[in-house]
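S.K.: So I've got this file, start_39.csv, and it contains CSV, C-alpha atoms and all ligand atoms:
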```
chain,number,residue,atom,x,y,z
A,1,MET,CA,-107.6,77.2,33.1
A,2,ASP,CA,-105.2,75.7,30.6
A,3,PHE,CA,-101.6,76.2,31.7
A,4,ASN,CA,-100.1,74.5,28.7
A,5,ASP,CA,-98.4,76.5,26.0
A,6,SER,CA,-100.5,77.7,23.1
A,7,LYS,CA,-99.4,76.8,19.6
A,8,GLU,CA,-97.4,80.1,19.3
A,9,GLN,CA,-95.9,79.8,22.7
A,10,ALA,CA,-94.8,76.2,22.1
A,11,GLU,CA,-93.1,77.4,18.9
A,12,PHE,CA,-91.4,80.2,20.7
A,13,ARG,CA,-90.3,77.8,23.4
A,14,ALA,CA,-88.8,75.5,20.8
A,15,GLU,CA,-87.0,78.4,19.2
A,16,CYS,CA,-85.5,79.4,22.6
A,17,ARG,CA,-84.6,75.8,23.3
A,18,SER,CA,-82.9,75.3,20.0
A,19,TRP,CA,-80.7,78.4,20.4
A,20,LEU,CA,-79.8,77.4,23.9
A,21,GLU,CA,-78.9,73.9,22.9
A,22,GLN,CA,-76.5,75.2,20.3
A,23,ASN,CA,-74.9,77.7,22.7
A,24,ALA,CA,-74.9,76.3,26.2
A,25,GLU,CA,-74.8,73.0,28.1
A,26,LEU,CA,-77.8,71.5,29.8
A,27,LYS,CA,-77.5,71.3,33.6
A,28,THR,CA,-76.6,68.0,34.9
A,29,ALA,CA,-76.7,68.9,38.6
A,30,ALA,CA,-78.9,71.8,39.1
A,31,PRO,CA,-78.2,72.7,42.7
A,32,LYS,CA,-74.4,72.6,42.3
A,33,ASP,CA,-74.5,74.6,39.1
A,34,LYS,CA,-76.5,77.4,40.7
A,35,ARG,CA,-74.3,77.6,43.7
A,36,GLU,CA,-71.1,77.6,41.7
A,37,GLY,CA,-72.3,80.8,40.0
A,38,MET,CA,-72.0,83.0,43.1
A,39,VAL,CA,-72.3,86.6,42.3
A,40,GLY,CA,-69.1,88.5,42.9
A,41,GLU,CA,-66.5,86.0,41.9
A,42,GLU,CA,-64.2,87.3,39.3
A,43,ALA,CA,-64.5,84.3,37.0
A,44,PHE,CA,-68.2,84.3,37.3
A,45,LEU,CA,-68.4,88.0,36.4
A,46,ASP,CA,-66.3,87.4,33.2
A,47,SER,CA,-68.4,84.5,32.2
A,48,ALA,CA,-71.6,86.3,32.9
A,49,LYS,CA,-70.5,89.2,30.7
A,50,GLU,CA,-69.5,86.9,27.9
A,51,TRP,CA,-72.9,85.1,28.1
A,52,GLN,CA,-74.8,88.3,28.1
A,53,ARG,CA,-72.9,89.6,25.0
A,54,LYS,CA,-73.5,86.3,23.2
A,55,LYS,CA,-77.3,86.6,23.9
A,56,PHE,CA,-77.2,90.3,22.9
A,57,ASP,CA,-75.5,89.5,19.5
A,58,ALA,CA,-78.2,86.8,18.9
A,59,GLY,CA,-81.1,89.1,20.0
A,60,TRP,CA,-82.0,87.2,23.1
A,61,ALA,CA,-80.5,89.5,25.7
A,62,MET,CA,-83.5,91.7,26.5
A,63,LEU,CA,-86.4,90.3,24.6
A,64,HIS,CA,-89.0,92.3,26.7
A,65,TRP,CA,-87.4,95.6,25.7
A,66,PRO,CA,-89.0,97.7,23.0
A,67,LYS,CA,-87.5,97.3,19.5
A,68,GLU,CA,-86.0,100.9,19.4
A,69,TYR,CA,-83.7,99.8,22.2
A,70,GLY,CA,-82.8,96.5,20.5
A,71,GLY,CA,-85.4,94.2,22.1
A,72,ILE,CA,-88.0,92.2,20.3
A,73,ALA,CA,-91.0,93.6,22.4
A,74,ALA,CA,-91.7,90.1,23.6
A,75,SER,CA,-94.8,89.5,25.7
A,76,ALA,CA,-94.6,88.8,29.5
A,77,ILE,CA,-95.3,85.2,28.9
A,78,GLU,CA,-92.6,84.9,26.2
A,79,ARG,CA,-90.2,86.4,28.7
A,80,ILE,CA,-91.2,83.7,31.2
A,81,ILE,CA,-90.8,81.0,28.6
A,82,TRP,CA,-87.3,82.2,27.8
A,83,GLY,CA,-86.4,82.3,31.5
A,84,GLN,CA,-87.8,78.8,32.1
A,85,GLU,CA,-85.7,77.4,29.2
A,86,GLU,CA,-82.6,79.3,30.1
A,87,SER,CA,-82.8,78.1,33.7
A,88,LYS,CA,-82.4,74.5,32.5
A,89,PHE,CA,-78.9,75.3,31.2
A,90,SER,CA,-75.7,75.8,33.0
A,91,VAL,CA,-75.2,79.5,32.3
A,92,PRO,CA,-74.2,82.4,34.6
A,93,ARG,CA,-77.5,84.3,35.2
A,94,GLY,CA,-78.6,86.9,37.7
A,95,ILE,CA,-76.3,89.8,37.7
A,96,TYR,CA,-78.2,91.6,34.9
A,97,GLU,CA,-81.6,91.2,36.5
A,98,ILE,CA,-81.6,94.5,38.3
A,99,GLY,CA,-80.3,96.4,35.2
A,100,LEU,CA,-82.3,94.9,32.5
A,101,GLY,CA,-85.4,94.1,34.6
A,102,MET,CA,-85.6,97.2,36.8
A,103,ALA,CA,-83.2,100.0,36.0
A,104,GLY,CA,-83.7,99.7,32.2
A,105,PRO,CA,-87.5,100.0,32.3
A,106,VAL,CA,-87.3,102.9,34.8
A,107,MET,CA,-84.8,104.7,32.6
A,108,MET,CA,-87.0,104.1,29.6
A,109,GLN,CA,-89.9,105.8,31.4
A,110,TYR,CA,-88.1,108.7,33.1
A,111,ALA,CA,-84.7,109.4,31.5
A,112,SER,CA,-84.1,111.9,28.6
A,113,GLU,CA,-83.7,110.5,25.0
A,114,GLU,CA,-80.0,111.4,25.2
A,115,GLN,CA,-79.6,109.4,28.4
A,116,LYS,CA,-81.5,106.4,27.0
A,117,ALA,CA,-79.2,106.3,24.0
A,118,ARG,CA,-76.1,106.5,26.3
A,119,TYR,CA,-77.1,104.0,29.0
A,120,LEU,CA,-79.5,101.4,27.6
A,121,PRO,CA,-77.3,99.8,24.9
A,122,PRO,CA,-74.3,99.1,27.2
A,123,MET,CA,-76.7,97.8,29.8
A,124,ALA,CA,-78.3,95.4,27.4
A,125,GLU,CA,-75.0,94.2,26.0
A,126,GLY,CA,-73.8,93.6,29.6
A,127,LYS,CA,-70.9,96.0,29.4
A,128,GLU,CA,-72.3,98.1,32.3
A,129,ILE,CA,-73.9,96.5,35.3
A,130,TRP,CA,-76.5,98.3,37.5
A,131,CYS,CA,-77.6,97.9,41.1
A,132,GLN,CA,-80.5,99.1,43.2
A,133,LEU,CA,-80.0,101.4,46.2
A,134,PHE,CA,-83.3,101.3,48.1
A,135,SER,CA,-82.9,99.4,51.4
A,136,GLU,CA,-81.3,101.0,54.4
A,137,PRO,CA,-80.4,99.6,57.9
A,138,SER,CA,-83.8,100.8,59.3
A,139,ALA,CA,-85.8,100.8,56.0
A,140,GLY,CA,-86.2,97.4,54.5
A,141,SER,CA,-89.9,96.4,54.4
A,142,ASP,CA,-90.7,100.0,55.2
A,143,VAL,CA,-88.5,101.5,52.4
A,144,ALA,CA,-90.4,104.8,52.4
A,145,GLY,CA,-89.0,105.3,55.9
A,146,LEU,CA,-85.5,105.7,54.5
A,147,ARG,CA,-83.2,108.4,55.9
A,148,SER,CA,-80.5,109.0,53.3
A,149,LYS,CA,-80.6,112.7,52.5
A,150,ALA,CA,-80.2,114.7,49.3
A,151,VAL,CA,-79.7,118.4,49.5
A,152,GLN,CA,-79.8,120.5,46.3
A,153,ASP,CA,-76.8,122.7,45.6
A,154,GLY,CA,-77.3,124.5,42.3
A,155,ASP,CA,-77.4,122.0,39.5
A,156,LYS,CA,-76.2,119.2,41.8
A,157,TRP,CA,-77.6,117.2,44.7
A,158,ILE,CA,-75.4,116.3,47.7
A,159,VAL,CA,-76.2,112.9,49.0
A,160,ASN,CA,-75.3,111.5,52.5
A,161,GLY,CA,-76.5,108.2,54.0
A,162,GLN,CA,-76.2,104.5,54.2
A,163,LYS,CA,-77.7,101.8,51.9
A,164,VAL,CA,-77.7,98.0,52.6
A,165,TRP,CA,-78.2,94.9,50.7
A,166,THR,CA,-77.1,96.5,47.5
A,167,SER,CA,-76.7,93.3,45.4
A,168,GLY,CA,-73.7,93.5,43.2
A,169,ALA,CA,-72.6,97.0,44.4
A,170,GLN,CA,-69.0,95.8,44.5
A,171,PHE,CA,-68.8,95.4,40.8
A,172,CYS,CA,-71.6,97.6,39.5
A,173,ASP,CA,-71.1,100.7,37.3
A,174,TYR,CA,-74.3,102.5,38.0
A,175,GLY,CA,-77.2,102.4,40.5
A,176,ILE,CA,-80.8,103.6,40.9
A,177,LEU,CA,-81.2,105.4,44.1
A,178,VAL,CA,-84.0,106.7,46.2
A,179,VAL,CA,-83.3,109.3,48.9
A,180,ARG,CA,-85.1,111.9,51.1
A,181,HIS,CA,-85.0,115.5,49.8
A,182,ASP,CA,-87.4,116.9,52.4
A,183,ALA,CA,-87.8,115.4,55.9
A,184,ASN,CA,-90.7,117.7,56.7
A,185,LEU,CA,-93.0,116.2,54.2
A,186,ASP,CA,-95.0,113.0,54.7
A,187,LYS,CA,-92.6,110.1,54.3
A,188,HIS,CA,-93.9,109.0,50.9
A,189,LYS,CA,-93.8,112.5,49.5
A,190,GLY,CA,-90.3,113.6,50.7
A,191,LEU,CA,-88.5,111.2,48.3
A,192,THR,CA,-86.6,111.8,45.1
A,193,PHE,CA,-85.1,109.3,42.7
A,194,PHE,CA,-81.8,109.4,40.8
A,195,PHE,CA,-79.4,107.3,38.9
A,196,VAL,CA,-75.8,107.5,40.1
A,197,ASP,CA,-72.3,106.5,38.9
A,198,MET,CA,-71.1,104.0,41.4
A,199,LYS,CA,-67.5,105.3,40.9
A,200,SER,CA,-68.5,108.8,42.1
A,201,PRO,CA,-66.3,110.2,44.8
A,202,GLY,CA,-67.8,109.6,48.3
A,203,ILE,CA,-69.3,106.2,47.6
A,204,THR,CA,-67.9,103.4,49.7
A,205,VAL,CA,-68.9,99.8,49.1
A,206,LYS,CA,-68.4,97.4,52.0
A,207,PRO,CA,-69.1,93.6,52.0
A,208,ILE,CA,-71.8,92.1,54.2
A,209,LYS,CA,-71.1,88.5,55.1
A,210,GLN,CA,-74.2,86.3,54.8
A,211,ILE,CA,-75.0,83.0,56.4
A,212,THR,CA,-74.9,81.3,53.0
A,213,GLY,CA,-71.3,82.3,52.6
A,214,GLN,CA,-72.1,84.6,49.8
A,215,SER,CA,-71.2,88.3,50.1
A,216,GLY,CA,-73.8,91.1,50.1
A,217,SER,CA,-72.9,94.8,50.0
A,218,GLY,CA,-73.6,98.0,51.8
A,219,SER,CA,-73.0,101.3,50.2
A,220,GLY,CA,-72.1,104.4,52.1
A,221,PHE,CA,-72.7,107.9,50.6
A,222,ASN,CA,-70.6,110.7,51.9
A,223,ASP,CA,-71.2,114.1,50.2
A,224,VAL,CA,-71.8,112.3,46.9
A,225,ARG,CA,-72.5,114.9,44.2
A,226,ILE,CA,-75.2,113.8,41.7
A,227,PRO,CA,-76.1,116.1,38.7
A,228,ASP,CA,-79.7,117.2,38.7
A,229,THR,CA,-79.9,115.8,35.1
A,230,GLN,CA,-79.7,112.4,36.7
A,231,ARG,CA,-82.9,112.9,38.6
A,232,LEU,CA,-85.6,110.5,37.3
A,233,GLY,CA,-89.0,112.0,37.8
A,234,ASN,CA,-89.8,115.3,39.5
A,235,GLU,CA,-88.5,116.2,42.9
A,236,GLY,CA,-90.9,114.4,45.3
A,237,ASP,CA,-91.7,111.7,42.8
A,238,GLY,CA,-89.3,109.2,44.4
A,239,TRP,CA,-92.0,106.9,45.7
A,240,LYS,CA,-93.9,106.8,42.4
A,241,VAL,CA,-90.7,106.0,40.5
A,242,SER,CA,-89.7,103.4,43.1
A,243,LEU,CA,-93.1,101.7,42.6
A,244,THR,CA,-92.5,101.6,38.8
A,245,THR,CA,-89.2,99.9,39.6
A,246,LEU,CA,-90.7,97.5,42.0
A,247,MET,CA,-93.6,96.6,39.6
A,248,ASN,CA,-90.9,95.7,37.1
A,249,GLU,CA,-89.0,93.7,39.7
A,250,ARG,CA,-91.9,91.3,40.0
A,251,LEU,CA,-91.0,89.8,36.6
A,252,ALA,CA,-87.3,90.4,36.8
A,253,VAL,CA,-86.1,88.5,39.8
A,254,GLY,CA,-86.5,85.0,41.1
A,255,ASP,CA,-85.9,81.6,39.7
A,256,PRO,CA,-87.9,81.0,36.6
A,257,ALA,CA,-87.5,77.3,37.1
A,258,GLY,CA,-89.7,77.6,40.2
A,259,LEU,CA,-89.4,75.8,43.5
A,260,ASP,CA,-86.9,73.1,43.6
A,261,PHE,CA,-87.1,71.0,46.7
A,262,ASP,CA,-84.0,68.9,45.8
A,263,GLU,CA,-82.1,72.1,45.7
A,264,ILE,CA,-83.3,73.3,49.1
A,265,PHE,CA,-82.4,69.9,50.6
A,266,GLU,CA,-79.0,70.0,48.9
A,267,ILE,CA,-78.3,73.5,50.3
A,268,THR,CA,-79.4,72.7,53.8
A,269,ARG,CA,-77.5,69.4,53.8
A,270,ASP,CA,-74.1,71.1,53.6
A,271,LEU,CA,-74.9,74.5,55.1
A,272,GLU,CA,-72.4,75.6,57.7
A,273,VAL,CA,-73.8,77.8,60.3
A,274,MET,CA,-70.9,80.1,61.2
A,275,GLU,CA,-70.3,81.6,64.6
A,276,ASN,CA,-69.2,85.2,65.0
A,277,LEU,CA,-70.7,86.3,61.8
A,301,LIG,C1,-80.4,88.4,48.9
A,301,LIG,C2,-81.0,89.8,49.1
A,301,LIG,C3,-80.7,90.7,48.1
A,301,LIG,C4,-81.2,92.0,48.2
A,301,LIG,N1,-80.9,92.9,47.3
A,301,LIG,C5,-81.3,94.2,47.4
A,301,LIG,C6,-80.9,95.2,46.5
A,301,LIG,O1,-80.2,94.9,45.5
A,301,LIG,N2,-81.2,96.5,46.7
A,301,LIG,C7,-82.0,96.9,47.8
A,301,LIG,O2,-82.3,98.0,47.9
A,301,LIG,N3,-82.4,95.9,48.7
A,301,LIG,C8,-82.1,94.6,48.6
A,301,LIG,N4,-82.4,93.7,49.5
A,301,LIG,C9,-83.2,94.1,50.6
A,301,LIG,C10,-84.6,93.6,50.7
A,301,LIG,O3,-85.4,94.3,49.8
A,301,LIG,C11,-85.0,93.8,52.2
A,301,LIG,O4,-84.3,92.8,52.8
A,301,LIG,C12,-86.4,93.7,52.4
A,301,LIG,O5,-87.0,94.8,51.9
A,301,LIG,C13,-86.7,93.4,53.9
A,301,LIG,O6,-86.1,94.4,54.7
A,301,LIG,P1,-85.3,93.9,56.0
A,301,LIG,O7,-84.3,92.8,55.7
A,301,LIG,O8,-84.7,95.2,56.6
A,301,LIG,O9,-86.4,93.3,57.0
A,301,LIG,P2,-87.3,94.0,58.0
A,301,LIG,O10,-88.0,95.1,57.3
A,301,LIG,O11,-86.6,94.3,59.2
A,301,LIG,O12,-88.4,92.8,58.3
A,301,LIG,C14,-88.0,91.7,59.1
A,301,LIG,C15,-89.3,90.9,59.3
A,301,LIG,O13,-90.3,91.6,59.9
A,301,LIG,C16,-91.5,91.6,59.2
A,301,LIG,N5,-92.1,92.9,59.3
A,301,LIG,C17,-91.6,94.1,58.9
A,301,LIG,N6,-92.5,95.1,59.2
A,301,LIG,C18,-93.6,94.5,59.6
A,301,LIG,C19,-94.8,95.1,60.1
A,301,LIG,N7,-95.1,96.3,60.0
A,301,LIG,N8,-95.7,94.2,60.5
A,301,LIG,C20,-95.5,92.8,60.5
A,301,LIG,N9,-94.3,92.3,60.1
A,301,LIG,C21,-93.4,93.1,59.7
A,301,LIG,C22,-91.1,91.3,57.7
A,301,LIG,O14,-92.1,90.7,57.0
A,301,LIG,C23,-89.9,90.4,58.0
A,301,LIG,O15,-90.3,89.1,58.1
A,301,LIG,C24,-82.0,92.4,49.4
A,301,LIG,C25,-82.2,91.4,50.4
A,301,LIG,C26,-81.7,90.1,50.2
A,301,LIG,C27,-82.0,89.1,51.3
```
Translate this structure into structure tokens?

M.R.:
Amino acid sequence: MDFNDSKEQAEFRAECRSWLEQNAELKTAAPKDKREGMVGEEAFLDSAKEWQRKKFDAGWAMLHWPKEYGGIAASAIERIIWGQEESKFSVPRGIYEIGLGMAGPVMMQYASEEQKARYLPPMAEGKEIWCQLFSEPSAGSDVAGLRSKAVQDGDKWIVNGQKVWTSGAQFCDYGILVVRHDANLDKHKGLTFFFVDMKSPGITVKPIKQITGQSGSGSGFNDVRIPDTQRLGNEGDGWKVSLTTLMNERLAVGDPAGLDFDEIFEITRDLEVMENL
């Protein structure tokens, strides 16, 4: 198998590279650059928003999205090429992975036309940031075992429960959420999927201190009211919609530059293991 770029891919790579060279600085010390850009820092957030808007204005923000939502309908391999090239530059990346890579595609598949017109452009431009509310304290690998509950009340659902590891919850505007609407059904069948305004009354975001020094977040739901119009898929389709999200995640997250042993050694060299975490 030939892993080298085809002629067209090489041309696309050169185009990406040329724009990046004109608009960003090449990394000089990769490990340090990456760790300086810790998600959650105010300055990082501002610079990430600015970088996303710059890419949006130039048409690079969401190349894998369809043209009607402002993308260029790039192929999966072109998306990887862009990611590989961008990862060589010192730019704030990461906080849009969940929105553009997971929430966006799921909204495209399940939201109404009106909702797509409202939510997709600000997501792409980086004005609104999205998070993923799947994991729970006792439902990580076994996410279908989650216990957060949604009870229908007229045209709304009332949600109670606890989510963990909600990356970026402390600064996100919206989230995609899977919850249990019927505890009597088989676990994969009793789930329903929504999107939620993270500023909704009843949502509490708390930091989780990690061994890396970075901050993760947990999100508590206490009688949070979500309009039925924000249900993505039918009642009971939560597992199906979650799988759509997770399939998109495979291309959305991770380091496109690939394994970097120098970086791993650099991180372990000055890692402080804290007591009383
Ligand atoms: C940096 C980071 C960011 C994250 N961001 C998000 C996010 O934005 N949104 C979100 O919803 N979640 C997020 N997660 C959560 C992540 O998806 C979960 O951590 C993951 O699903 C694993 O769950 P867990 O940590 O509870 O581990 P567990 O499920 O408790 O697993 C612990 C270990 O046991 C093993 N194990 C589990 N079950 C079995 C089994 N049946 N047989 C054999 N071995 C088993 C696992 O492989 C693992 O090694 C994030 C996690 C991290 C670390």

S.K.: Taking all atoms listed in the file into account, report as an mmCIF file with C-alpha atoms, in the coordinates of the input which residues have an atom no farther than 12 Å from an atom of ligand LIG 301 (chain A).

M.R.:
```cif
data_model
loop_
_atom_site.group_PDB
_atom_site.id
_atom_site.type_symbol
_atom_site.label_atom_id
_atom_site.label_comp_id
_atom_site.auth_asym_id
_atom_site.auth_seq_id
_atom_site.Cartn_x
_atom_site.Cartn_y
_atom_site.Cartn_z
ATOM 1 C CA MET A 38 -72.000 83.000 43.100
ATOM 2 C CA VAL A 39 -72.300 86.600 42.300
ATOM 3 C CA GLY A 94 -78.600 86.900 37.700
ATOM 4 C CA ILE A 95 -76.300 89.800 37.700
ATOM 5 C CA TYR A 96 -78.200 91.600 34.900
ATOM 6 C CA GLU A 97 -81.600 91.200 36.500
ATOM 7 C CA ILE A 98 -81.600 94.500 38.300
ATOM 8 C CA GLY A 99 -80.300 96.400 35.200
ATOM 9 C CA MET A 102 -85.600 97.200 36.800
ATOM 10 C CA ALA A 103 -83.200 100.000 36.000
ATOM 11 C CA TRP A 130 -76.500 98.300 37.500
ATOM 12 C CA CYS A 131 -77.600 97.900 41.100
ATOM 13 C CA GLN A 132 -80.500 99.100 43.200
ATOM 14 C CA LEU A 133 -80.000 101.400 46.200
ATOM 15 C CA PHE A 134 -83.300 101.300 48.100
ATOM 16 C CA SER A 135 -82.900 99.400 51.400
ATOM 17 C CA GLU A 136 -81.300 101.000 54.400
ATOM 18 C CA PRO A 137 -80.400 99.600 57.900
ATOM 19 C CA SER A 138 -83.800 100.800 59.300
ATOM 20 C CA ALA A 139 -85.800 100.800 56.000
ATOM 21 C CA GLY A 140 -86.200 97.400 54.500
ATOM 22 C CA SER A 141 -89.900 96.400 54.400
ATOM 23 C CA ASP A 142 -90.700 100.000 55.200
ATOM 24 C CA VAL A 143 -88.500 101.500 52.400
ATOM 25 C CA ALA A 144 -90.400 104.800 52.400
ATOM 26 C CA GLY A 145 -89.000 105.300 55.900
ATOM 27 C CA LEU A 146 -85.500 105.700 54.500
ATOM 28 C CA GLN A 162 -76.200 104.500 54.200
ATOM 29 C CA LYS A 163 -77.700 101.800 51.900
ATOM 30 C CA VAL A 164 -77.700 98.000 52.600
ATOM 31 C CA TRP A 165 -78.200 94.900 50.700
ATOM 32 C CA THR A 166 -77.100 96.500 47.500
ATOM 33 C CA SER A 167 -76.700 93.300 45.400
ATOM 34 C CA GLY A 168 -73.700 93.500 43.200
ATOM 35 C CA ALA A 169 -72.600 97.000 44.400
ATOM 36 C CA GLN A 170 -69.000 95.800 44.500
ATOM 37 C CA CYS A 172 -71.600 97.600 39.500
ATOM 38 C CA GLY A 175 -77.200 102.400 40.500
ATOM 39 C CA ILE A 176 -80.800 103.600 40.900
ATOM 40 C CA LEU A 177 -81.200 105.400 44.100
ATOM 41 C CA VAL A 178 -84.000 106.700 46.200
ATOM 42 C CA VAL A 179 -83.300 109.300 48.900
ATOM 43 C CA ILE A 208 -71.800 92.100 54.200
ATOM 44 C CA LYS A 209 -71.100 88.500 55.100
ATOM 45 C CA GLN A 210 -74.200 86.300 54.800
ATOM 46 C CA ILE A 211 -75.000 83.000 56.400
ATOM 47 C CA THR A 212 -74.900 81.300 53.000
ATOM 48 C CA GLY A 213 -71.300 82.300 52.600
ATOM 49 C CA GLN A 214 -72.100 84.600 49.800
ATOM 50 C CA SER A 215 -71.200 88.300 50.100
ATOM 51 C CA GLY A 216 -73.800 91.100 50.100
ATOM 52 C CA SER A 217 -72.900 94.800 50.000
ATOM 53 C CA GLY A 218 -73.600 98.000 51.800
ATOM 54 C CA SER A 219 -73.000 101.300 50.200
ATOM 55 C CA SER A 242 -89.700 103.400 43.100
ATOM 56 C CA THR A 245 -89.200 99.900 39.600
ATOM 57 C CA LEU A 246 -90.700 97.500 42.000
ATOM 58 C CA GLU A 249 -89.000 93.700 39.700
ATOM 59 C CA VAL A 253 -86.100 88.500 39.800
ATOM 60 C CA GLY A 254 -86.500 85.000 41.100
#
```

S.K.: Please measure the separation of atom CA of Pro201 of chain A and atom CA of Asp173 of chain A, giving the value in Å to one decimal.

M.R.: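 These two atoms are separated by 13.0 Å.
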
S.K.: For Ala43 of chain A, which residue among A:Asn184, A:Asp5, A:Ile80, A:Pro92 is the nearest when counting all atoms listed in the file?

M.R.: A:Pro92

S.K.: Between atom CA of Gly101 of chain A and atom CA of Leu251 of chain A, what is the distance in Å, rounded to a tenth?

M.R.: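 These atoms are spaced 7.3 Å apart.
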
S.K.: Counting all atoms listed in the file, which residue out of A:Val151, A:Ile267, A:Val241, A:Ala58 sits closest to Met108 of chain A?

M.R.: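 Of A:Val151, A:Ile267, A:Val241, A:Ala58, the one nearest Met108 of chain A is A:Val241, counting all atoms listed in the file.
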
S.K.: My list of candidates is A:Gln115, A:Asp260, A:Arg147, A:Met107. Which is closest to Gly233 of chain A when distances are computed with only C-alpha atoms?

M.R.: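 Checking each of A:Gln115, A:Asp260, A:Arg147, A:Met107 against Gly233 of chain A, counting only C-alpha atoms, the winner is A:Met107.
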
S.K.: Using all atoms listed in the file, which of A:Ser47, A:Gln22, A:Asn160, A:Thr192 sits nearest Asp237 of chain A?

M.R.: A:Thr192

S.K.: Got a sec: who's within 7 Å of Thr204 of chain A, counting only C-alpha atoms, leaving out chain neighbours fewer than 2 positions off, as a list of chain:residue names?

M.R.: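 My reading of the contact set: A:Gly202, A:Lys206, A:Ser219, A:Gly220, A:Phe221.
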
S.K.: Could those residues be written to a file, using C-alpha atoms, as a PDB file, keeping the file's coordinate frame?

M.R.:
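This is the output file selection-v7.pdb:
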```pdb
ATOM      1  CA  GLY A 202     -67.800 109.600  48.300  1.00  0.00           C
ATOM      2  CA  LYS A 206     -68.400  97.400  52.000  1.00  0.00           C
ATOM      3  CA  SER A 219     -73.000 101.300  50.200  1.00  0.00           C
ATOM      4  CA  GLY A 220     -72.100 104.400  52.100  1.00  0.00           C
ATOM      5  CA  PHE A 221     -72.700 107.900  50.600  1.00  0.00           C
TER       6      PHE A 221
END
```

S.K.: Counting all atoms listed in the file, which of A:Gly238, A:Pro105, A:Pro122, A:Pro256 gets nearest to Arg79 of chain A?

M.R.: A:Pro256

S.K.: For atom CA of Val106 of chain A and atom CA of Pro207 of chain A, quote the distance in Å rounded to one decimal.

M.R.: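 Result for atom CA of Val106 of chain A versus atom CA of Pro207 of chain A: 26.7 Å, one decimal.
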
S.K.: Under the rule that all atoms listed in the file are counted, which of A:Ser112, A:Lys127, A:Ala117, A:Ile264 is the nearest residue to Leu232 of chain A?

M.R.: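 Nearest to Leu232 of chain A: A:Ser112.
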
S.K.: Extract, using all atoms listed in the file, all DNA, RNA and protein residues at most 9 Å from segment 61-67 of chain A, discarding same-chain residues fewer than 5 positions from it, and format them as a list of chain:residue names.

M.R.: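 Close residues of segment 61-67 of chain A: A:Gln52, A:Arg53, A:Lys54, A:Lys55, A:Phe56, A:Ile72, A:Ala73, A:Ala74, A:Ser75, A:Ala76, A:Glu78, A:Arg79, A:Trp82, A:Leu100, A:Gly101, A:Gly104, A:Pro105, A:Ala124, A:Glu125, A:Gly126.
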
S.K.: Find the residues near Ser87 of chain A: any atom within 9 Å, counting all atoms listed in the file, skip ones fewer than 6 places away on the same chain, and give them as a list of chain:residue names.

M.R.: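 Close residues of Ser87 of chain A: A:Lys27, A:Arg93, A:Asp255, A:Pro256, A:Ala257.
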